[in-house]
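J.: Provided herewith: run08.txt, compact mmCIF, C-alpha atoms and all ligand atoms.
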```
# COMPACT_ATOMS: atom_id res chain seq x y z
CA MET A 28 75.18 -43.48 -15.26
CA GLY A 29 76.00 -43.28 -18.96
CA GLN A 30 79.00 -45.54 -18.50
CA LEU A 31 76.88 -48.02 -16.54
CA PHE A 32 74.27 -48.13 -19.30
CA GLU A 33 76.96 -48.55 -21.96
CA ALA A 34 78.37 -51.44 -19.91
CA GLY A 35 74.95 -53.13 -20.02
CA ALA A 36 72.95 -51.82 -17.03
CA VAL A 37 69.23 -52.02 -17.88
CA ALA A 38 67.97 -49.58 -15.25
CA CYS A 39 69.08 -47.39 -12.35
CA SER A 40 68.21 -47.80 -8.68
CA ASP A 41 69.44 -47.30 -5.13
CA ASP A 42 67.15 -50.09 -3.92
CA GLY A 43 67.53 -50.94 -0.29
CA SER A 44 67.55 -47.20 0.15
CA PRO A 45 65.36 -44.49 -1.31
CA VAL A 46 66.62 -41.46 -3.21
CA GLU A 47 65.08 -38.78 -1.03
CA ASP A 48 66.85 -35.76 -2.51
CA ALA A 49 64.36 -34.42 -5.06
CA GLU A 50 67.04 -32.62 -7.07
CA LEU A 51 69.09 -35.83 -7.34
CA THR A 52 65.99 -37.78 -8.42
CA ARG A 53 65.18 -35.12 -11.00
CA ARG A 54 68.70 -35.33 -12.46
CA ALA A 55 68.57 -39.12 -12.42
CA PHE A 56 65.32 -39.02 -14.43
CA GLU A 57 66.91 -36.64 -16.92
CA TYR A 58 70.01 -38.79 -17.39
CA CYS A 59 67.97 -42.01 -17.60
CA LEU A 60 65.80 -40.37 -20.24
CA MET A 61 68.82 -39.78 -22.49
CA PHE A 62 69.36 -43.54 -22.56
CA ASP A 63 65.66 -44.48 -22.42
CA LYS A 64 66.14 -46.37 -19.13
CA PRO A 65 63.73 -46.55 -16.19
CA LEU A 66 64.46 -45.34 -12.68
CA LEU A 67 63.50 -48.01 -10.12
CA SER A 68 62.38 -46.46 -6.87
CA HIS A 69 62.33 -47.81 -3.32
CA SER A 70 59.89 -45.13 -2.20
CA GLU A 71 60.35 -44.28 1.47
CA VAL A 72 60.71 -41.10 3.52
CA THR A 73 63.28 -42.28 6.07
CA SER A 74 62.60 -39.46 8.54
CA LEU A 75 59.16 -41.06 8.98
CA THR A 76 60.39 -44.67 9.26
CA LYS A 77 63.49 -44.14 11.42
CA GLY A 78 63.76 -46.85 14.05
CA GLY A 79 60.63 -48.54 12.68
CA VAL A 80 60.20 -52.30 12.72
CA MET A 81 56.71 -52.83 11.29
CA HIS A 82 53.63 -51.10 9.85
CA GLU A 83 52.35 -48.29 12.06
CA GLY A 84 48.84 -49.11 13.20
CA MET A 85 46.77 -50.87 15.83
CA VAL A 86 49.02 -53.96 15.87
CA SER A 87 52.24 -51.97 16.34
CA LEU A 88 50.52 -50.09 19.15
CA LEU A 89 49.44 -53.33 20.83
CA LEU A 90 52.89 -54.90 20.47
CA GLY A 91 54.70 -51.75 21.56
CA LEU A 92 56.88 -51.82 18.45
CA ARG A 93 57.99 -48.70 16.56
CA GLY A 94 55.87 -48.24 13.43
CA MET A 95 56.53 -47.24 9.82
CA PRO A 96 53.55 -45.14 8.66
CA VAL A 97 51.93 -45.45 5.22
CA ALA A 98 52.71 -41.75 4.71
CA ALA A 99 56.40 -42.66 4.37
CA GLU A 100 55.56 -44.50 1.15
CA ASP A 101 52.71 -42.28 -0.05
CA VAL A 102 54.74 -39.07 0.19
CA MET A 103 57.74 -40.47 -1.68
CA VAL A 104 55.64 -42.10 -4.43
CA ALA A 105 53.92 -38.73 -4.93
CA GLN A 106 57.31 -36.98 -5.16
CA ASP A 107 58.67 -39.56 -7.60
CA ILE A 108 55.56 -39.32 -9.80
CA THR A 109 55.74 -35.52 -9.85
CA LEU A 110 59.40 -35.62 -10.86
CA ALA A 111 58.68 -38.24 -13.55
CA GLU A 112 55.98 -35.95 -14.89
CA ILE A 113 58.07 -32.79 -15.08
CA THR A 114 61.07 -34.56 -16.64
CA GLY A 115 59.16 -37.00 -18.88
CA GLY A 116 61.26 -39.75 -17.26
CA ARG A 117 60.22 -43.35 -16.72
CA LEU A 118 59.45 -44.30 -13.12
CA HIS A 119 59.07 -47.87 -11.88
CA VAL A 120 57.84 -48.07 -8.28
CA MET A 121 59.13 -51.19 -6.57
CA HIS A 122 57.30 -53.22 -3.92
CA VAL A 123 54.17 -51.06 -3.60
CA SER A 124 52.44 -51.72 -0.27
CA THR A 125 49.92 -48.95 0.46
CA GLU A 126 46.46 -47.99 -0.73
CA GLY A 127 47.70 -44.41 -1.21
CA ALA A 128 50.55 -45.51 -3.47
CA VAL A 129 48.25 -47.70 -5.59
CA SER A 130 45.79 -44.79 -5.98
CA ALA A 131 48.56 -42.33 -6.88
CA ILE A 132 49.95 -44.70 -9.53
CA ARG A 133 46.45 -45.31 -10.93
CA ARG A 134 45.85 -41.56 -11.28
CA ALA A 135 49.29 -41.02 -12.80
CA LYS A 136 48.63 -43.70 -15.44
CA GLN A 137 45.27 -42.10 -16.27
CA ARG A 138 47.19 -38.88 -16.94
CA SER A 139 49.70 -40.74 -19.15
CA ILE A 140 52.65 -40.14 -16.84
CA ARG A 141 55.28 -42.80 -17.55
CA VAL A 142 54.96 -44.92 -14.43
CA THR A 143 54.91 -48.67 -13.86
CA ALA A 144 54.77 -50.58 -10.58
CA GLU A 145 55.27 -53.92 -8.90
CA VAL A 146 54.01 -55.71 -5.82
CA THR A 147 55.50 -58.63 -3.89
CA PRO A 148 53.75 -61.92 -3.02
CA HIS A 149 54.01 -61.16 0.71
CA HIS A 150 52.31 -57.77 0.39
CA LEU A 151 49.45 -59.55 -1.41
CA THR A 152 48.95 -62.31 1.15
CA LEU A 153 50.22 -61.34 4.62
CA THR A 154 49.25 -58.61 7.10
CA ASP A 155 50.90 -56.89 10.05
CA GLU A 156 49.04 -59.36 12.29
CA MET A 157 51.85 -61.85 11.49
CA LEU A 158 54.22 -59.79 13.65
CA LYS A 159 52.34 -60.94 16.74
CA SER A 160 54.64 -63.99 16.49
CA PHE A 161 57.67 -61.65 16.83
CA ASP A 162 59.18 -63.76 14.00
CA SER A 163 61.70 -61.73 11.98
CA ASN A 164 60.68 -63.63 8.83
CA PHE A 165 57.78 -61.16 8.78
CA LYS A 166 60.08 -58.13 8.94
CA MET A 167 60.61 -56.45 5.60
CA SER A 168 60.71 -52.98 4.07
CA PRO A 169 58.16 -51.78 3.19
CA PRO A 170 56.49 -53.61 6.08
CA LEU A 171 53.51 -55.96 5.94
CA ARG A 172 50.47 -53.68 6.08
CA SER A 173 46.92 -54.02 7.41
CA ARG A 174 44.14 -55.80 5.51
CA GLU A 175 42.80 -52.73 3.62
CA HIS A 176 46.22 -52.11 2.07
CA VAL A 177 46.55 -55.76 1.04
CA GLU A 178 43.12 -55.50 -0.62
CA ALA A 179 44.17 -52.29 -2.43
CA CYS A 180 47.30 -54.00 -3.78
CA ILE A 181 45.24 -56.94 -5.04
CA GLU A 182 42.78 -54.55 -6.70
CA GLY A 183 45.68 -52.65 -8.29
CA LEU A 184 47.01 -55.90 -9.67
CA ARG A 185 43.60 -56.87 -10.99
CA ASP A 186 42.81 -53.55 -12.72
CA GLY A 187 46.26 -53.21 -14.31
CA THR A 188 47.60 -50.41 -12.09
CA ILE A 189 50.29 -52.83 -10.91
CA ASP A 190 52.21 -54.29 -13.85
CA VAL A 191 54.55 -56.74 -12.16
CA ILE A 192 54.71 -59.34 -9.39
CA ALA A 193 58.31 -59.40 -8.10
CA SER A 194 59.72 -61.74 -5.46
CA ASP A 195 61.85 -58.99 -3.82
CA HIS A 196 64.13 -61.93 -2.89
CA ALA A 197 66.33 -60.80 0.03
CA PRO A 198 68.44 -63.56 1.55
CA HIS A 199 69.88 -63.07 5.05
CA ALA A 200 72.02 -65.35 7.20
CA ALA A 201 70.05 -67.25 9.85
CA GLU A 202 72.13 -65.83 12.72
CA LYS A 203 71.21 -62.29 11.65
CA LYS A 204 67.50 -63.05 11.30
CA MET A 205 67.58 -64.77 14.74
CA ARG A 206 68.39 -61.48 16.46
CA GLU A 207 65.65 -59.63 18.31
CA LEU A 208 63.06 -58.09 16.02
CA ASP A 209 64.43 -54.55 16.19
CA GLN A 210 67.99 -55.79 15.44
CA ALA A 211 67.18 -58.28 12.67
CA PRO A 212 67.67 -57.10 9.06
CA PHE A 213 64.72 -56.31 6.76
CA GLY A 214 63.82 -58.73 3.98
CA VAL A 215 62.64 -62.23 3.09
CA ILE A 216 63.43 -64.75 0.38
CA GLY A 217 60.83 -65.30 -2.33
CA LEU A 218 62.29 -66.88 -5.46
CA GLU A 219 61.18 -70.40 -4.59
CA THR A 220 57.69 -69.58 -3.33
CA THR A 221 56.48 -66.66 -5.51
CA LEU A 222 54.96 -68.83 -8.23
CA SER A 223 53.20 -71.10 -5.72
CA VAL A 224 51.81 -68.11 -3.79
CA ILE A 225 50.42 -66.64 -7.02
CA ILE A 226 48.88 -69.95 -8.13
CA THR A 227 47.35 -70.70 -4.72
CA LYS A 228 46.23 -67.24 -3.63
CA LEU A 229 45.49 -65.44 -6.91
CA ILE A 230 44.91 -67.87 -9.79
CA ARG A 231 42.96 -70.64 -8.04
CA PRO A 232 40.54 -68.19 -6.32
CA GLY A 233 39.98 -66.52 -9.72
CA ILE A 234 41.55 -63.15 -8.91
CA LEU A 235 43.98 -63.40 -11.86
CA ASP A 236 43.82 -65.69 -14.88
CA TRP A 237 46.88 -67.68 -15.92
CA ALA A 238 47.80 -65.46 -18.87
CA THR A 239 47.70 -62.27 -16.80
CA ALA A 240 49.65 -63.81 -13.92
CA ILE A 241 52.39 -65.11 -16.23
CA GLU A 242 52.51 -61.75 -18.00
CA LYS A 243 53.09 -59.97 -14.69
CA MET A 244 55.96 -62.32 -13.80
CA SER A 245 57.73 -62.50 -17.17
CA LEU A 246 56.65 -60.34 -20.10
CA ASN A 247 55.91 -57.10 -18.24
CA PRO A 248 59.22 -57.00 -16.31
CA ALA A 249 61.06 -57.62 -19.59
CA LYS A 250 59.14 -54.80 -21.29
CA ILE A 251 59.88 -52.35 -18.46
CA LEU A 252 63.59 -53.21 -18.56
CA ASN A 253 63.49 -53.29 -22.37
CA ILE A 254 65.16 -56.69 -22.62
CA PRO A 255 64.12 -59.35 -25.17
CA LYS A 256 62.76 -61.85 -22.62
CA GLY A 257 59.43 -63.16 -21.39
CA THR A 258 58.38 -64.72 -24.69
CA LEU A 259 58.56 -68.16 -26.32
CA GLN A 260 58.66 -66.76 -29.87
CA ILE A 261 60.90 -68.42 -32.44
CA GLY A 262 64.38 -66.99 -32.07
CA ALA A 263 63.92 -65.90 -28.43
CA ASP A 264 66.31 -67.12 -25.71
CA ALA A 265 65.14 -70.52 -24.45
CA ASP A 266 64.52 -69.32 -20.89
CA ILE A 267 61.68 -71.60 -19.89
CA THR A 268 59.98 -72.49 -16.62
CA ILE A 269 57.88 -75.65 -16.65
CA ILE A 270 55.08 -75.56 -14.10
CA ASP A 271 53.04 -78.32 -12.50
CA PRO A 272 49.89 -76.37 -11.51
CA GLU A 273 48.26 -79.15 -9.48
CA ILE A 274 51.04 -80.49 -7.25
CA ASN A 275 50.40 -80.01 -3.53
CA TRP A 276 53.42 -79.27 -1.34
CA THR A 277 54.43 -77.86 2.03
CA VAL A 278 57.17 -75.27 2.40
CA ASN A 279 60.00 -76.52 4.60
CA VAL A 280 63.55 -75.33 5.20
CA ALA A 281 65.13 -78.57 3.95
CA GLY A 282 63.48 -78.21 0.56
CA PHE A 283 65.05 -74.84 -0.31
CA HIS A 284 67.81 -74.55 -2.89
CA SER A 285 68.57 -71.11 -1.48
CA LYS A 286 71.26 -71.03 1.21
CA SER A 287 69.09 -68.62 3.16
CA LYS A 288 65.93 -69.85 4.83
CA ASN A 289 64.26 -66.58 5.81
CA SER A 290 60.87 -67.30 4.23
CA PRO A 291 57.57 -65.99 5.66
CA TYR A 292 55.81 -69.07 4.26
CA LEU A 293 57.50 -71.84 6.26
CA GLY A 294 54.94 -74.58 6.94
CA TRP A 295 52.43 -73.23 4.39
CA GLU A 296 50.71 -75.61 2.02
CA PHE A 297 50.63 -74.56 -1.62
CA PHE A 298 49.36 -75.76 -4.97
CA GLY A 299 51.64 -75.60 -7.98
CA LYS A 300 55.37 -75.71 -8.27
CA THR A 301 58.18 -75.31 -10.77
CA ASN A 302 59.11 -78.64 -12.35
CA ALA A 303 62.09 -77.56 -14.42
CA VAL A 304 63.98 -74.39 -15.33
CA PHE A 305 65.87 -73.91 -18.58
CA VAL A 306 68.24 -70.96 -19.03
CA ALA A 307 69.42 -70.32 -22.58
CA GLY A 308 68.28 -73.85 -23.44
CA LYS A 309 70.20 -75.57 -20.64
CA ARG A 310 68.33 -77.32 -17.85
CA ARG A 311 69.29 -75.73 -14.49
CA LEU A 312 66.73 -77.28 -12.16
ZN ZN B 401 63.49 -51.85 -1.77
```
Starting from the coordinates I provided, produce the structure as C-alpha cells.

T.:
Amino acid sequence: MGQLFEAGAVACSDDGSPVEDAELTRRAFEYCLMFDKPLLSHSEVTSLTKGGVMHEGMVSLLLGLRGMPVAAEDVMVAQDITLAEITGGRLHVMHVSTEGAVSAIRRAKQRSIRVTAEVTPHHLTLTDEMLKSFDSNFKMSPPLRSREHVEACIEGLRDGTIDVIASDHAPHAAEKKMRELDQAPFGVIGLETTLSVIITKLIRPGILDWATAIEKMSLNPAKILNIPKGTLQIGADADITIIDPEINWTVNVAGFHSKSKNSPYLGWEFFGKTNAVFVAGKRRL
C-alpha cells in the first residue's frame, strides 16, 4: 500500500468486492492512516447476498427472485465504522443505499468518527419496483431498494450525512447485460446522466440548491481524496464543466459517447445537460 501511495494512489479500495475480514480492514486503516489516505468501502456481507439479484423485500418475493437484504449493507457499514473508530482511520462508504447505513453514518459523524459517504443517482431516484420489467439495466450492487430507503438517502444528502453524489459508472457489454437477470453482471453507466438526474430530480424540486449539489459532485470528492480539484480559484487546474440548466432532452442509446449503453434511464426526459468539458484547459467535449 505504501508503494501504491508513493506511486500516486489517492485512496485504497477493493471496490466491486467488500473487505469482509475485519482484521484485514483494521490493518488497512492503520496503513492508510500512516499516509493520511482514506479507505473506500464497498460495504456488503456476501454470505447474506450470495446468489442475490435484487433488493430483498415484497417485490423480490412477488417476482420469485433471490433477494439481497439491507442487513448485508447495514452490518458491514457498522463493522467498518467501528474499525475506523478504533484505528482513527478515515472511512469513505461508497454507494450507500439503506436507511440503516445512512443512520449509522449520521451517528458516527455526530461522534466525530472520521467517516464520509456517497450515494448514486440511481439509489436516489429508482426503486426495486423497476425490476418488474426484468430489465438488467436495473441490476446493480447494492441493489435498487424500496421507497423508504430512497427517502432516507435523499434525507441523508439533504442534512449533510452524505457528502458526495457519485455516478458509480459501470460499463458492461450489451451481450452480457442481455443475459437472463440472474446471469447478467451488476452495474449501470452513469457518467452522462448523473448531472441531469441531479438537476431534474433534486435541484428543480428544491431538495438541493445549486451550490450544494455542485459541491457534492466536485469539491467534496476532491477534499476526501485530498487532491487540488473542484475549485475555479486562480492557479487551479482548468477542469471545467459548462452546464445548460434549462435544456430539455431525452436519453437515448444513440446519444451516448460511452461505448456501453447499460443505462437505467433510457427513454427518460431530463432538464439540464453538459454543454462543454475542459480538462486542464483543453476542450474535450
Ligand atoms: Zn462497489

J.: Of the residues A:Thr268, A:Ser168, A:Asn302, A:Thr239, which is the one nearest to Val215 (chain A), using only C-alpha atoms?

T.: A:Ser168

J.: Determine, counting all atoms listed in the file, which protein, DNA and RNA residues have an atom within 7 Å of an atom of Gly299 (chain A); residues of the same chain fewer than 2 positions away are not included. Present the result as a PyMOL selection string.

T.: chain A and resi 223+226+271-275+297

J.: Write out as a count of residues only which residues come within 9 Å of Gly257 (chain A) when counting only C-alpha atoms, dropping same-chain ones fewer than 5 positions away.

T.: 12

J.: Could I get the residues of chain A with an atom no further than 7 Å from an atom of ligand ZN 401 (chain B), each paired with its nearest atom pair and that distance in Å to one decimal, using only C-alpha atoms and all ligand atoms, sorted by chain and residue number, as CSV?

T.:
```
residue,atom,partner,partner_atom,distance
A:Asp42,CA,B:ZN401,ZN,4.6
A:Gly43,CA,B:ZN401,ZN,4.4
A:Ser44,CA,B:ZN401,ZN,6.5
A:His69,CA,B:ZN401,ZN,4.5
A:Met121,CA,B:ZN401,ZN,6.5
A:His122,CA,B:ZN401,ZN,6.7
A:Ser168,CA,B:ZN401,ZN,6.6
```

J.: So which residues touch Lys166 (chain A) within 12 Å, counting only C-alpha atoms, skipping near sequence neighbours fewer than 2 positions away, as a PyMOL selection string?

T.: chain A and resi 79-82+92+94-95+149-150+153-164+168-172+197+199+204-216+289-291

J.: Given all atoms listed in the file as the basis, pick out the residue of A:Arg93, A:Leu67, A:Phe56, A:Ala144 nearest to Ile113 (chain A).

T.: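 Between A:Arg93, A:Leu67, A:Phe56, A:Ala144, the residue approaching Ile113 (chain A) most closely is A:Phe56.
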
J.: Which value, in Å to one decimal, gives the distance between CA of Ser287 (chain A) and CA of Ala201 (chain A)?

T.: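 Between these atoms lies a distance of 6.9 Å.
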
J.: Could you work out how far CA of Arg117 (chain A) lies from CA of Arg141 (chain A), giving the answer in Å with one decimal?

T.: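 We find that CA of Arg141 (chain A) and CA of Arg117 (chain A) lie 5.0 Å from each other.
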
J.: Looking at A:Ser87, A:Glu296, A:Ala111, A:Phe305, which one is nearest to Ala55 (chain A), with distances taken over all atoms listed in the file?

T.: A:Ala111

J.: For the atom pair CA of Leu218 (chain A) and CA of Ile230 (chain A), what is the interatomic distance in Å to one decimal place?

T.: 17.9 Å

J.: Can you work out which one of A:Lys288, A:Phe32, A:Asp186, A:Val86 has the shortest atom-to-atom distance to Ile132 (chain A), counting all atoms listed in the file?

T.: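 Using all atoms listed in the file, Ile132 (chain A) sits closest to A:Asp186.
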
J.: Check the smallest atom-to-atom distance from each of A:Gly115, A:Gly78, A:Gly187, A:Pro255 to Gln137 (chain A) using all atoms listed in the file, then report the winner.

T.: A:Gly187

J.: Using all atoms listed in the file, can you tell me which of A:Ile140, A:Gly35, A:Gly262, A:Trp295 comes closest to Thr227 (chain A)?

T.: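 Smallest distance to Thr227 (chain A) is found for A:Trp295.
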
J.: Please identify all polymer residues within 10 Å of Ala105 (chain A), counting all atoms listed in the file, omitting same-chain residues fewer than 2 positions from it, and present them as a tab-separated table (two decimals) with C-alpha atoms, in the frame of the given file.

T.:
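File result_14.tsv, as written:
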```
chain	number	residue	atom	x	y	z
A	70	SER	CA	59.89	-45.13	-2.20
A	100	GLU	CA	55.56	-44.50	1.15
A	101	ASP	CA	52.71	-42.28	-0.05
A	102	VAL	CA	54.74	-39.07	0.19
A	103	MET	CA	57.74	-40.47	-1.68
A	107	ASP	CA	58.67	-39.56	-7.60
A	108	ILE	CA	55.56	-39.32	-9.80
A	109	THR	CA	55.74	-35.52	-9.85
A	110	LEU	CA	59.40	-35.62	-10.86
A	111	ALA	CA	58.68	-38.24	-13.55
A	127	GLY	CA	47.70	-44.41	-1.21
A	128	ALA	CA	50.55	-45.51	-3.47
A	131	ALA	CA	48.56	-42.33	-6.88
A	132	ILE	CA	49.95	-44.70	-9.53
A	135	ALA	CA	49.29	-41.02	-12.80
```

J.: Name the residues in contact with Thr221 (chain A) at a cut-off of 8 Å, using all atoms listed in the file, excluding same-chain residues fewer than 2 positions from it; report them as a list in words.

T.: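 Counting only the stated atoms, we get Pro148, Ala193, Ser194, Gly217, Leu218, Glu219, Ser223, Val224 and Ile225 of chain A.
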
J.: Output as a JSON list (two decimals), in the coordinates of the input: region 113-147 of chain A, completed with N, CA and C atoms.

T.:
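Result went into part00.json, see below:
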```
[["chain", "number", "residue", "atom", "x", "y", "z"],
["A", 113, "ILE", "N", 57.42, -34.03, -14.59],
["A", 113, "ILE", "CA", 58.07, -32.79, -15.08],
["A", 113, "ILE", "C", 59.28, -33.08, -15.96],
["A", 114, "THR", "N", 59.90, -34.25, -15.81],
["A", 114, "THR", "CA", 61.07, -34.56, -16.64],
["A", 114, "THR", "C", 60.70, -35.41, -17.86],
["A", 115, "GLY", "N", 59.52, -36.06, -17.81],
["A", 115, "GLY", "CA", 59.16, -37.00, -18.88],
["A", 115, "GLY", "C", 59.87, -38.33, -18.70],
["A", 116, "GLY", "N", 60.49, -38.52, -17.54],
["A", 116, "GLY", "CA", 61.26, -39.75, -17.26],
["A", 116, "GLY", "C", 60.35, -40.94, -16.98],
["A", 117, "ARG", "N", 60.96, -42.11, -16.96],
["A", 117, "ARG", "CA", 60.22, -43.35, -16.72],
["A", 117, "ARG", "C", 60.45, -43.84, -15.30],
["A", 118, "LEU", "N", 59.37, -43.86, -14.51],
["A", 118, "LEU", "CA", 59.45, -44.30, -13.12],
["A", 118, "LEU", "C", 58.89, -45.71, -12.99],
["A", 119, "HIS", "N", 59.63, -46.57, -12.27],
["A", 119, "HIS", "CA", 59.07, -47.87, -11.88],
["A", 119, "HIS", "C", 59.10, -47.93, -10.35],
["A", 120, "VAL", "N", 57.92, -48.02, -9.74],
["A", 120, "VAL", "CA", 57.84, -48.07, -8.28],
["A", 120, "VAL", "C", 57.94, -49.53, -7.84],
["A", 121, "MET", "N", 58.95, -49.82, -7.04],
["A", 121, "MET", "CA", 59.13, -51.19, -6.57],
["A", 121, "MET", "C", 58.28, -51.46, -5.33],
["A", 122, "HIS", "N", 58.01, -52.72, -5.11],
["A", 122, "HIS", "CA", 57.30, -53.22, -3.92],
["A", 122, "HIS", "C", 56.30, -52.23, -3.30],
["A", 123, "VAL", "N", 55.26, -51.93, -4.08],
["A", 123, "VAL", "CA", 54.17, -51.06, -3.60],
["A", 123, "VAL", "C", 53.43, -51.78, -2.47],
["A", 124, "SER", "N", 53.10, -51.04, -1.39],
["A", 124, "SER", "CA", 52.44, -51.72, -0.27],
["A", 124, "SER", "C", 51.28, -50.94, 0.33],
["A", 125, "THR", "N", 50.99, -49.74, -0.17],
["A", 125, "THR", "CA", 49.92, -48.95, 0.46],
["A", 125, "THR", "C", 48.80, -48.60, -0.51],
["A", 126, "GLU", "N", 47.63, -48.39, 0.06],
["A", 126, "GLU", "CA", 46.46, -47.99, -0.73],
["A", 126, "GLU", "C", 46.74, -46.64, -1.40],
["A", 127, "GLY", "N", 47.40, -45.74, -0.66],
["A", 127, "GLY", "CA", 47.70, -44.41, -1.21],
["A", 127, "GLY", "C", 48.63, -44.48, -2.41],
["A", 128, "ALA", "N", 49.61, -45.37, -2.35],
["A", 128, "ALA", "CA", 50.55, -45.51, -3.47],
["A", 128, "ALA", "C", 49.84, -46.09, -4.69],
["A", 129, "VAL", "N", 48.99, -47.10, -4.46],
["A", 129, "VAL", "CA", 48.25, -47.70, -5.59],
["A", 129, "VAL", "C", 47.37, -46.63, -6.25],
["A", 130, "SER", "N", 46.67, -45.84, -5.43],
["A", 130, "SER", "CA", 45.79, -44.79, -5.98],
["A", 130, "SER", "C", 46.59, -43.75, -6.76],
["A", 131, "ALA", "N", 47.74, -43.35, -6.22],
["A", 131, "ALA", "CA", 48.56, -42.33, -6.88],
["A", 131, "ALA", "C", 49.06, -42.84, -8.23],
["A", 132, "ILE", "N", 49.45, -44.11, -8.27],
["A", 132, "ILE", "CA", 49.95, -44.70, -9.53],
["A", 132, "ILE", "C", 48.80, -44.82, -10.54],
["A", 133, "ARG", "N", 47.62, -45.20, -10.04],
["A", 133, "ARG", "CA", 46.45, -45.31, -10.93],
["A", 133, "ARG", "C", 46.14, -43.96, -11.57],
["A", 134, "ARG", "N", 46.13, -42.91, -10.75],
["A", 134, "ARG", "CA", 45.85, -41.56, -11.28],
["A", 134, "ARG", "C", 46.93, -41.11, -12.26],
["A", 135, "ALA", "N", 48.18, -41.42, -11.93],
["A", 135, "ALA", "CA", 49.29, -41.02, -12.80],
["A", 135, "ALA", "C", 49.17, -41.70, -14.17],
["A", 136, "LYS", "N", 48.78, -42.98, -14.17],
["A", 136, "LYS", "CA", 48.63, -43.70, -15.44],
["A", 136, "LYS", "C", 47.49, -43.10, -16.26],
["A", 137, "GLN", "N", 46.41, -42.71, -15.56],
["A", 137, "GLN", "CA", 45.27, -42.10, -16.27],
["A", 137, "GLN", "C", 45.69, -40.81, -16.95],
["A", 138, "ARG", "N", 46.70, -40.14, -16.37],
["A", 138, "ARG", "CA", 47.19, -38.88, -16.94],
["A", 138, "ARG", "C", 48.38, -39.12, -17.86],
["A", 139, "SER", "N", 48.64, -40.38, -18.20],
["A", 139, "SER", "CA", 49.70, -40.74, -19.15],
["A", 139, "SER", "C", 51.10, -40.38, -18.68],
["A", 140, "ILE", "N", 51.29, -40.28, -17.37],
["A", 140, "ILE", "CA", 52.65, -40.14, -16.84],
["A", 140, "ILE", "C", 53.32, -41.51, -16.97],
["A", 141, "ARG", "N", 54.61, -41.53, -17.26],
["A", 141, "ARG", "CA", 55.28, -42.80, -17.55],
["A", 141, "ARG", "C", 55.67, -43.50, -16.24],
["A", 142, "VAL", "N", 54.71, -44.20, -15.69],
["A", 142, "VAL", "CA", 54.96, -44.92, -14.43],
["A", 142, "VAL", "C", 54.48, -46.36, -14.54],
["A", 143, "THR", "N", 55.29, -47.27, -14.00],
["A", 143, "THR", "CA", 54.91, -48.67, -13.86],
["A", 143, "THR", "C", 55.16, -49.06, -12.40],
["A", 144, "ALA", "N", 54.64, -50.22, -12.00],
["A", 144, "ALA", "CA", 54.77, -50.58, -10.58],
["A", 144, "ALA", "C", 54.75, -52.09, -10.38],
["A", 145, "GLU", "N", 55.26, -52.49, -9.25],
["A", 145, "GLU", "CA", 55.27, -53.92, -8.90],
["A", 145, "GLU", "C", 54.79, -54.10, -7.47],
["A", 146, "VAL", "N", 54.40, -55.34, -7.19],
["A", 146, "VAL", "CA", 54.01, -55.71, -5.82],
["A", 146, "VAL", "C", 54.64, -57.07, -5.53],
["A", 147, "THR", "N", 54.87, -57.36, -4.25],
["A", 147, "THR", "CA", 55.50, -58.63, -3.89],
["A", 147, "THR", "C", 54.43, -59.64, -3.45]]
```
